[in-house]
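Notes follow once the structure below has been shown.
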Amino acid sequence: MDIAVLIPAHEEAERIGATVTAAAGIAGVTRVCVVDDGSRDGTADIAAAAGAKCVRLAFNVGKGAALEAGAARVADADIILLLDGDLGETATQGGLLLAPLLAGKADMTVATFPRPVNKAGFGLVKGLARFGIARLGGGFLAEAPLSGQRAMTSECLETVRPFASGYGVEVALSVRALRAGLTVAEVPTMMTHAATGRDLAGFVHRGRQFAHVCIALIKLLFEKG
């Protein structure tokens with residue numbers, strides 16, 4: 001069984017080393033590939049030093065395009081585990097996503113996170129994403145519609161590609177898998193990541209997320225299921 005980890009990362013020098021080390025330590029993982037999305041802080045060098053194979057992009061292209069750039073490196077694996085670069089040591093929790101796939105009970109698993117003590121935003125992006133997945137994905141009510149921590153079989157990966165652009169990638173993954181009749185299961189984890197706050201940068205980030213999710217849903221609406 002070949003299990004590959006694919007990690008898109010932009011300016012994650014502080015956490016990428018710990019993330020790669022933790023991901024590589026998951027039982028069954030045979031390789032870790034990091035796509036450095038135009039970072040200028042040494043992200044790729046740190047990831048490589050931690051043992052990852054790196055795809056270095058000359059400039060920032062966004063999460064979806066970064067994932068697509070690295071997909072060829074992992075597409076031949078039996079299971080592909082997608083993790084964000086800022087998980088740090090909690091990336092070990094990615095192992096929980098593998099069990100339902102190995103048991104043949106799911107084609108795609110999605111990590112849910114512990115409920116945050118302090119909310120960063122007002123839930124508008126999450127609400128839009130949840131509504132869109134339910135509307136276009138046959139009524140599936142996602143607890144974590146924006147979670148980028150996912151595991152899927154190689155057949156599932158082929159079905160859901162190409163990755164949608166920007167922050168619309170997670171919504172598209174769920175909708176395409178559900179439309180294809182594949183089983184999507186959410187798995188509780190104790191993962192943590194660097195959350196955005198209620199400051200200007202945080203609101204700008206969530207505004208960009210909202211726009212990307214809207215664009216993804218509109219495209220999916222006219223995409224053949």
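Lettering and numbering for the structure tokens are positional, with chains as A, B, ... in the shown order, residues counted from 1 in each chain, and ligands counted from 1 in the shown order.
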Write out as a PDB file with N, CA, C and O atoms, in the first residue's frame which residues come within 9 Å of Gly17 of chain A when counting only C-alpha atoms, dropping same-chain ones fewer than 4 positions away.
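The result, stored in out14.pdb:
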ATOM      1  N   GLU A  12       5.416  29.302   4.944  1.00  0.00           N
ATOM      2  CA  GLU A  12       5.166  28.489   6.134  1.00  0.00           C
ATOM      3  C   GLU A  12       6.466  28.032   6.793  1.00  0.00           C
ATOM      4  O   GLU A  12       6.531  26.939   7.376  1.00  0.00           O
ATOM      5  N   ALA A  13       7.512  28.835   6.718  1.00  0.00           N
ATOM      6  CA  ALA A  13       8.806  28.444   7.271  1.00  0.00           C
ATOM      7  C   ALA A  13       8.736  28.080   8.748  1.00  0.00           C
ATOM      8  O   ALA A  13       9.439  27.186   9.218  1.00  0.00           O
ATOM      9  N   THR A  21       7.696  16.458   9.179  1.00  0.00           N
ATOM     10  CA  THR A  21       8.172  15.396  10.065  1.00  0.00           C
ATOM     11  C   THR A  21       7.007  14.588  10.624  1.00  0.00           C
ATOM     12  O   THR A  21       7.045  13.351  10.659  1.00  0.00           O
ATOM     13  N   ALA A  22       5.952  15.290  11.042  1.00  0.00           N
ATOM     14  CA  ALA A  22       4.782  14.612  11.591  1.00  0.00           C
ATOM     15  C   ALA A  22       4.069  13.782  10.525  1.00  0.00           C
ATOM     16  O   ALA A  22       3.655  12.647  10.772  1.00  0.00           O
ATOM     17  N   THR A  43      10.670  28.293   2.900  1.00  0.00           N
ATOM     18  CA  THR A  43       9.758  27.166   3.133  1.00  0.00           C
ATOM     19  C   THR A  43      10.251  25.884   2.459  1.00  0.00           C
ATOM     20  O   THR A  43      10.295  24.818   3.075  1.00  0.00           O
ATOM     21  N   ILE A  46      13.415  24.287   4.073  1.00  0.00           N
ATOM     22  CA  ILE A  46      13.113  23.664   5.360  1.00  0.00           C
ATOM     23  C   ILE A  46      12.360  22.353   5.158  1.00  0.00           C
ATOM     24  O   ILE A  46      12.637  21.345   5.819  1.00  0.00           O
ATOM     25  N   ALA A  47      11.416  22.359   4.213  1.00  0.00           N
ATOM     26  CA  ALA A  47      10.657  21.143   3.920  1.00  0.00           C
ATOM     27  C   ALA A  47      11.573  20.043   3.399  1.00  0.00           C
ATOM     28  O   ALA A  47      11.468  18.877   3.791  1.00  0.00           O
ATOM     29  N   ALA A  48      12.493  20.412   2.517  1.00  0.00           N
ATOM     30  CA  ALA A  48      13.430  19.434   1.960  1.00  0.00           C
ATOM     31  C   ALA A  48      14.348  18.880   3.047  1.00  0.00           C
ATOM     32  O   ALA A  48      14.640  17.677   3.078  1.00  0.00           O
ATOM     33  N   ALA A  49      14.782  19.734   3.943  1.00  0.00           N
ATOM     34  CA  ALA A  49      15.647  19.297   5.036  1.00  0.00           C
ATOM     35  C   ALA A  49      14.931  18.323   5.957  1.00  0.00           C
ATOM     36  O   ALA A  49      15.557  17.458   6.588  1.00  0.00           O
ATOM     37  N   ALA A  50      13.593  18.459   6.027  1.00  0.00           N
ATOM     38  CA  ALA A  50      12.794  17.569   6.871  1.00  0.00           C
ATOM     39  C   ALA A  50      12.473  16.253   6.166  1.00  0.00           C
ATOM     40  O   ALA A  50      11.865  15.364   6.764  1.00  0.00           O
ATOM     41  N   GLY A  51      12.870  16.152   4.887  1.00  0.00           N
ATOM     42  CA  GLY A  51      12.690  14.893   4.170  1.00  0.00           C
ATOM     43  C   GLY A  51      11.653  14.887   3.071  1.00  0.00           C
ATOM     44  O   GLY A  51      11.399  13.838   2.462  1.00  0.00           O
ATOM     45  N   GLY A  85       0.139  23.186   5.262  1.00  0.00           N
ATOM     46  CA  GLY A  85       1.497  23.326   5.750  1.00  0.00           C
ATOM     47  C   GLY A  85       1.631  23.865   7.154  1.00  0.00           C
ATOM     48  O   GLY A  85       2.719  23.817   7.732  1.00  0.00           O
ATOM     49  N   GLY A  88       1.770  21.762  11.762  1.00  0.00           N
ATOM     50  CA  GLY A  88       2.812  21.444  12.735  1.00  0.00           C
ATOM     51  C   GLY A  88       2.717  19.996  13.187  1.00  0.00           C
ATOM     52  O   GLY A  88       2.386  19.102  12.410  1.00  0.00           O
TER      53      GLY A  88
END
Just the residues within 8 Å of Phe113 of chain A, please, counting only C-alpha atoms, with nothing from its chain fewer than 4 positions along; format it as a tab-separated table (two decimals) with N, CA, C and O atoms, in the first residue's frame.
chain	number	residue	atom	x	y	z
A	144	ALA	N	-17.46	20.32	8.24
A	144	ALA	CA	-16.21	21.04	7.94
A	144	ALA	C	-16.07	21.22	6.43
A	144	ALA	O	-15.19	20.62	5.81
A	188	PRO	N	-13.53	13.16	13.05
A	188	PRO	CA	-13.09	14.09	14.10
A	188	PRO	C	-11.58	13.95	14.36
A	188	PRO	O	-11.06	12.85	14.44
A	189	THR	N	-10.91	15.08	14.47
A	189	THR	CA	-9.47	15.10	14.79
A	189	THR	C	-9.21	16.19	15.81
A	189	THR	O	-10.08	17.01	16.12
A	190	MET	N	-7.97	16.21	16.28
A	190	MET	CA	-7.54	17.27	17.21
A	190	MET	C	-6.52	18.17	16.53
A	190	MET	O	-5.66	18.76	17.17
A	191	MET	N	-6.61	18.29	15.22
A	191	MET	CA	-5.69	19.14	14.47
A	191	MET	C	-5.88	20.61	14.83
A	191	MET	O	-6.97	21.04	15.17
A	192	THR	N	-4.79	21.36	14.74
A	192	THR	CA	-4.85	22.81	14.92
A	192	THR	C	-4.01	23.46	13.82
A	192	THR	O	-3.09	22.84	13.28
Please report as CSV every residue of segment 145-171 of chain A lying within 10 Å of segment 56-71 of chain A, along with the nearest atom pair and their distance in Å (one decimal), using only C-alpha atoms.
residue,atom,partner,partner_atom,distance
A:Gly148,CA,A:Lys63,CA,9.8
A:Leu157,CA,A:Ala71,CA,9.0
A:Glu158,CA,A:Ala71,CA,9.9
A:Arg161,CA,A:Glu68,CA,8.0
A:Pro162,CA,A:Glu68,CA,6.6
A:Phe163,CA,A:Gly64,CA,5.3
A:Ala164,CA,A:Gly64,CA,5.3
A:Ser165,CA,A:Gly64,CA,4.4
A:Gly166,CA,A:Gly62,CA,4.9
A:Tyr167,CA,A:Lys63,CA,6.5
A:Gly168,CA,A:Gly64,CA,7.6
A:Val169,CA,A:Gly64,CA,5.5
A:Glu170,CA,A:Gly64,CA,8.8
| said: From a backbone DSSP assignment, name each residue in segment 27-187 of chain A labelled strand (DSSP E), as a PyMOL selection string. | reply: chain A and resi 29-37+53-57+79-82+108-112+150-153+184-187
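Coordinates place atom CA of Gly138 of chain A at a distance of 7.1 Å from atom CA of Leu178 of chain A.
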| task | Give me, please, the distance in Å between atom CA of Leu6 of chain A and atom CA of Asp37 of chain A, quoted to one decimal. | result | 12.7 Å
| message | Calculated over only C-alpha atoms, which of the candidates A:Leu101, A:Ala4, A:Ala216, A:Ala106 has the smallest distance to Thr30 of chain A? | response | A:Ala4
Residue list (helix (DSSP H, G or I), DSSP) for segment 50-136 of chain A, as a CSV table (one decimal) with all heavy atoms, in the first residue's frame:
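Here's the written file out.csv:
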chain,number,residue,atom,x,y,z
A,63,LYS,N,-3.8,28.1,-3.7
A,63,LYS,CA,-3.9,26.7,-3.2
A,63,LYS,C,-4.2,25.7,-4.3
A,63,LYS,O,-3.6,24.6,-4.4
A,63,LYS,CB,-4.8,26.7,-2.0
A,63,LYS,CG,-4.8,25.3,-1.4
A,63,LYS,CD,-5.7,25.3,-0.1
A,63,LYS,CE,-5.6,24.0,0.6
A,63,LYS,NZ,-6.4,24.0,1.9
A,64,GLY,N,-5.3,25.9,-5.0
A,64,GLY,CA,-5.8,25.0,-6.0
A,64,GLY,C,-4.7,24.7,-7.0
A,64,GLY,O,-4.5,23.5,-7.4
A,65,ALA,N,-4.2,25.7,-7.6
A,65,ALA,CA,-3.1,25.5,-8.6
A,65,ALA,C,-1.9,24.9,-8.1
A,65,ALA,O,-1.2,24.1,-8.8
A,65,ALA,CB,-2.8,26.9,-9.3
A,66,ALA,N,-1.6,25.2,-6.8
A,66,ALA,CA,-0.4,24.5,-6.2
A,66,ALA,C,-0.6,23.0,-6.0
A,66,ALA,O,0.3,22.2,-6.3
A,66,ALA,CB,-0.1,25.2,-4.8
A,67,LEU,N,-1.8,22.7,-5.6
A,67,LEU,CA,-2.2,21.3,-5.5
A,67,LEU,C,-2.1,20.6,-6.9
A,67,LEU,O,-1.6,19.4,-7.0
A,67,LEU,CB,-3.6,21.1,-4.9
A,67,LEU,CG,-3.7,21.3,-3.4
A,67,LEU,CD1,-5.2,21.4,-3.0
A,67,LEU,CD2,-3.0,20.2,-2.6
A,68,GLU,N,-2.6,21.2,-7.9
A,68,GLU,CA,-2.5,20.6,-9.2
A,68,GLU,C,-1.1,20.5,-9.7
A,68,GLU,O,-0.8,19.5,-10.3
A,68,GLU,CB,-3.3,21.5,-10.2
A,68,GLU,CG,-3.6,20.9,-11.5
A,68,GLU,CD,-4.4,19.6,-11.5
A,68,GLU,OE1,-5.3,19.5,-10.6
A,68,GLU,OE2,-4.2,18.7,-12.3
A,69,ALA,N,-0.2,21.4,-9.3
A,69,ALA,CA,1.2,21.3,-9.7
A,69,ALA,C,1.9,20.1,-9.1
A,69,ALA,O,2.8,19.6,-9.7
A,69,ALA,CB,1.9,22.6,-9.3
A,70,GLY,N,1.4,19.7,-7.9
A,70,GLY,CA,2.0,18.6,-7.2
A,70,GLY,C,1.3,17.3,-7.4
A,70,GLY,O,1.8,16.2,-7.1
A,71,ALA,N,0.2,17.3,-8.1
A,71,ALA,CA,-0.7,16.1,-8.2
A,71,ALA,C,0.1,15.0,-9.0
A,71,ALA,O,-0.1,13.8,-8.6
A,71,ALA,CB,-2.0,16.4,-8.9
A,72,ALA,N,0.8,15.3,-10.0
A,72,ALA,CA,1.5,14.3,-10.8
A,72,ALA,C,2.5,13.5,-9.9
A,72,ALA,O,2.8,12.3,-10.2
A,72,ALA,CB,2.2,15.0,-11.9
A,73,ARG,N,3.0,14.1,-8.9
A,73,ARG,CA,4.0,13.5,-8.0
A,73,ARG,C,3.4,12.4,-7.1
A,73,ARG,O,4.1,11.6,-6.6
A,73,ARG,CB,4.7,14.5,-7.1
A,73,ARG,CG,5.5,15.6,-7.9
A,73,ARG,CD,6.7,15.0,-8.5
A,73,ARG,NE,7.6,16.0,-9.1
A,73,ARG,CZ,8.6,16.6,-8.5
A,73,ARG,NH1,8.9,16.2,-7.2
A,73,ARG,NH2,9.4,17.5,-9.0
A,74,VAL,N,2.1,12.5,-6.9
A,74,VAL,CA,1.4,11.6,-6.0
A,74,VAL,C,0.3,10.7,-6.6
A,74,VAL,O,-0.3,9.9,-6.0
A,74,VAL,CB,0.9,12.3,-4.8
A,74,VAL,CG1,2.0,13.0,-4.0
A,74,VAL,CG2,-0.2,13.3,-5.2
A,88,GLY,N,1.8,21.8,11.8
A,88,GLY,CA,2.8,21.4,12.7
A,88,GLY,C,2.7,20.0,13.2
A,88,GLY,O,2.4,19.1,12.4
A,89,GLU,N,3.0,19.8,14.5
A,89,GLU,CA,3.0,18.4,15.0
A,89,GLU,C,1.6,17.7,14.9
A,89,GLU,O,1.5,16.5,14.9
A,89,GLU,CB,3.5,18.4,16.4
A,89,GLU,CG,4.9,18.8,16.6
A,89,GLU,CD,5.4,18.9,18.0
A,89,GLU,OE1,4.5,18.7,18.9
A,89,GLU,OE2,6.6,19.2,18.3
A,90,THR,N,0.5,18.5,14.8
A,90,THR,CA,-0.8,17.9,14.8
A,90,THR,C,-1.1,17.2,13.5
A,90,THR,O,-2.1,16.6,13.3
A,90,THR,CB,-1.9,18.9,15.1
A,90,THR,OG1,-2.0,19.9,14.0
A,90,THR,CG2,-1.6,19.6,16.4
A,91,ALA,N,-0.2,17.4,12.5
A,91,ALA,CA,-0.3,16.7,11.2
A,91,ALA,C,-0.4,15.1,11.4
A,91,ALA,O,-0.9,14.4,10.6
A,91,ALA,CB,0.8,17.0,10.3
A,92,THR,N,0.1,14.7,12.6
A,92,THR,CA,0.0,13.2,12.8
A,92,THR,C,-1.4,12.7,12.9
A,92,THR,O,-1.7,11.6,12.6
A,92,THR,CB,0.7,12.9,14.2
A,92,THR,OG1,0.1,13.6,15.2
A,92,THR,CG2,2.2,13.2,14.2
A,93,GLN,N,-2.3,13.7,13.2
A,93,GLN,CA,-3.7,13.3,13.2
A,93,GLN,C,-4.3,12.9,11.8
A,93,GLN,O,-5.4,12.4,11.7
A,93,GLN,CB,-4.5,14.5,13.8
A,93,GLN,CG,-4.3,14.8,15.2
A,93,GLN,CD,-5.1,13.9,16.2
A,93,GLN,OE1,-6.3,14.0,16.1
A,93,GLN,NE2,-4.5,13.1,17.0
A,94,GLY,N,-3.5,13.2,10.8
A,94,GLY,CA,-3.9,12.8,9.5
A,94,GLY,C,-4.0,11.3,9.3
A,94,GLY,O,-4.8,10.8,8.5
A,95,GLY,N,-3.4,10.6,10.2
A,95,GLY,CA,-3.5,9.1,10.2
A,95,GLY,C,-4.9,8.7,10.5
A,95,GLY,O,-5.3,7.6,10.0
A,96,LEU,N,-5.7,9.5,11.2
A,96,LEU,CA,-7.1,9.1,11.5
A,96,LEU,C,-8.0,9.1,10.2
A,96,LEU,O,-9.0,8.4,10.1
A,96,LEU,CB,-7.7,10.1,12.5
A,96,LEU,CG,-7.1,10.2,13.9
A,96,LEU,CD1,-7.7,11.3,14.7
A,96,LEU,CD2,-7.2,8.8,14.6
A,97,LEU,N,-7.5,9.8,9.2
A,97,LEU,CA,-8.3,9.9,7.9
A,97,LEU,C,-8.1,8.7,7.1
A,97,LEU,O,-8.9,8.5,6.1
A,97,LEU,CB,-7.9,11.2,7.2
A,97,LEU,CG,-8.0,12.5,7.9
A,97,LEU,CD1,-7.5,13.6,7.0
A,97,LEU,CD2,-9.5,12.7,8.2
A,99,ALA,N,-8.0,5.3,8.1
A,99,ALA,CA,-8.7,4.1,8.5
A,99,ALA,C,-9.9,3.8,7.7
A,99,ALA,O,-10.1,2.6,7.2
A,99,ALA,CB,-9.0,4.1,10.0
A,100,PRO,N,-10.8,4.7,7.4
A,100,PRO,CA,-12.1,4.4,6.7
A,100,PRO,C,-11.7,4.0,5.2
A,100,PRO,O,-12.4,3.2,4.6
A,100,PRO,CB,-12.8,5.7,6.7
A,100,PRO,CG,-12.4,6.4,8.0
A,100,PRO,CD,-10.9,6.1,8.0
A,101,LEU,N,-10.7,4.6,4.6
A,101,LEU,CA,-10.3,4.2,3.3
A,101,LEU,C,-9.7,2.8,3.2
A,101,LEU,O,-10.0,2.0,2.4
A,101,LEU,CB,-9.3,5.3,2.7
A,101,LEU,CG,-9.9,6.5,2.1
A,101,LEU,CD1,-10.6,7.4,3.1
A,101,LEU,CD2,-8.8,7.3,1.4
A,102,LEU,N,-8.8,2.5,4.2
A,102,LEU,CA,-8.2,1.2,4.2
A,102,LEU,C,-9.2,0.1,4.5
A,102,LEU,O,-9.1,-1.0,4.0
A,102,LEU,CB,-7.1,1.2,5.3
A,102,LEU,CG,-5.9,2.1,5.1
A,102,LEU,CD1,-5.0,2.2,6.3
A,102,LEU,CD2,-5.1,1.6,3.9
A,124,LEU,N,-19.6,33.3,7.7
A,124,LEU,CA,-20.3,33.5,6.4
A,124,LEU,C,-19.7,32.6,5.3
A,124,LEU,O,-20.5,32.0,4.5
A,124,LEU,CB,-20.1,35.0,6.0
A,124,LEU,CG,-20.8,36.0,6.9
A,124,LEU,CD1,-20.5,37.4,6.3
A,124,LEU,CD2,-22.3,35.7,7.0
A,125,VAL,N,-18.4,32.4,5.3
A,125,VAL,CA,-17.8,31.6,4.2
A,125,VAL,C,-18.1,30.1,4.5
A,125,VAL,O,-18.5,29.4,3.6
A,125,VAL,CB,-16.2,31.8,4.2
A,125,VAL,CG1,-15.6,30.9,3.1
A,125,VAL,CG2,-15.9,33.2,4.1
A,126,LYS,N,-18.1,29.7,5.7
A,126,LYS,CA,-18.4,28.3,6.1
A,126,LYS,C,-19.9,28.0,5.7
A,126,LYS,O,-20.2,27.0,5.2
A,126,LYS,CB,-18.1,28.1,7.6
A,126,LYS,CG,-18.3,26.7,8.0
A,126,LYS,CD,-17.9,26.5,9.5
A,126,LYS,CE,-18.1,25.0,9.9
A,126,LYS,NZ,-17.7,24.9,11.3
A,127,GLY,N,-20.7,29.0,6.0
A,127,GLY,CA,-22.2,28.8,5.8
A,127,GLY,C,-22.4,28.7,4.3
A,127,GLY,O,-23.2,27.9,3.8
A,128,LEU,N,-21.8,29.5,3.5
A,128,LEU,CA,-21.9,29.5,2.0
A,128,LEU,C,-21.4,28.1,1.5
A,128,LEU,O,-22.1,27.5,0.7
A,128,LEU,CB,-21.1,30.6,1.4
A,128,LEU,CG,-21.1,30.6,-0.2
A,128,LEU,CD1,-22.5,30.8,-0.8
A,128,LEU,CD2,-20.1,31.7,-0.7
A,129,ALA,N,-20.3,27.7,2.0
A,129,ALA,CA,-19.7,26.5,1.5
A,129,ALA,C,-20.6,25.3,1.9
A,129,ALA,O,-20.8,24.4,1.1
A,129,ALA,CB,-18.3,26.3,2.1
A,130,ARG,N,-21.1,25.3,3.1
A,130,ARG,CA,-22.0,24.2,3.5
A,130,ARG,C,-23.3,24.1,2.7
A,130,ARG,O,-23.7,23.1,2.3
A,130,ARG,CB,-22.3,24.4,5.0
A,130,ARG,CG,-23.3,23.3,5.5
A,130,ARG,CD,-23.7,23.5,7.0
A,130,ARG,NE,-22.6,23.2,7.9
A,130,ARG,CZ,-22.0,24.0,8.7
A,130,ARG,NH1,-22.4,25.3,8.8
A,130,ARG,NH2,-21.0,23.7,9.5
A,131,PHE,N,-23.8,25.3,2.4
A,131,PHE,CA,-25.1,25.4,1.6
A,131,PHE,C,-24.8,24.9,0.2
A,131,PHE,O,-25.6,24.1,-0.4
A,131,PHE,CB,-25.6,26.8,1.6
A,131,PHE,CG,-26.7,27.1,0.6
A,131,PHE,CD1,-28.0,26.7,0.9
A,131,PHE,CD2,-26.4,27.6,-0.7
A,131,PHE,CE1,-29.0,26.9,-0.1
A,131,PHE,CE2,-27.4,27.8,-1.6
A,131,PHE,CZ,-28.7,27.4,-1.3
A,132,GLY,N,-23.6,25.3,-0.4
A,132,GLY,CA,-23.3,24.9,-1.7
A,132,GLY,C,-23.1,23.4,-1.9
A,132,GLY,O,-23.6,22.8,-2.8
A,133,ILE,N,-22.4,22.8,-0.9
A,133,ILE,CA,-22.2,21.4,-0.9
A,133,ILE,C,-23.5,20.6,-0.8
A,133,ILE,O,-23.7,19.6,-1.5
A,133,ILE,CB,-21.2,21.0,0.2
A,133,ILE,CG1,-19.8,21.5,-0.2
A,133,ILE,CG2,-21.1,19.4,0.3
A,133,ILE,CD1,-18.8,21.4,1.0
A,134,ALA,N,-24.3,21.1,0.1
A,134,ALA,CA,-25.6,20.4,0.3
A,134,ALA,C,-26.5,20.5,-1.0
A,134,ALA,O,-27.1,19.6,-1.4
A,134,ALA,CB,-26.4,21.0,1.5
A,135,ARG,N,-26.5,21.7,-1.6
A,135,ARG,CA,-27.3,22.0,-2.8
A,135,ARG,C,-26.8,21.2,-4.0
A,135,ARG,O,-27.6,20.7,-4.7
A,135,ARG,CB,-27.3,23.5,-3.0
A,135,ARG,CG,-28.1,23.9,-4.3
A,135,ARG,CD,-29.6,23.7,-4.1
A,135,ARG,NE,-30.3,24.2,-5.3
A,135,ARG,CZ,-30.4,23.5,-6.4
A,135,ARG,NH1,-29.9,22.3,-6.5
A,135,ARG,NH2,-31.1,23.9,-7.4
A,136,LEU,N,-25.5,21.2,-4.2
A,136,LEU,CA,-25.0,20.5,-5.4
A,136,LEU,C,-24.5,19.1,-5.1
A,136,LEU,O,-24.2,18.4,-6.1
A,136,LEU,CB,-23.8,21.4,-5.9
A,136,LEU,CG,-24.2,22.8,-6.3
A,136,LEU,CD1,-22.9,23.6,-6.8
A,136,LEU,CD2,-25.2,22.9,-7.3
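Restricting the calculation to only C-alpha atoms, the smallest distance between Asp45 of chain A and any of A:Glu11, A:Glu186, A:Asp78, A:Gly28 is found for A:Glu11.
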| field | Non-local contacts of Cys33 of chain A (7 Å; only C-alpha atoms; under 5 positions in same chain excluded) as a count of residues only | value | 6
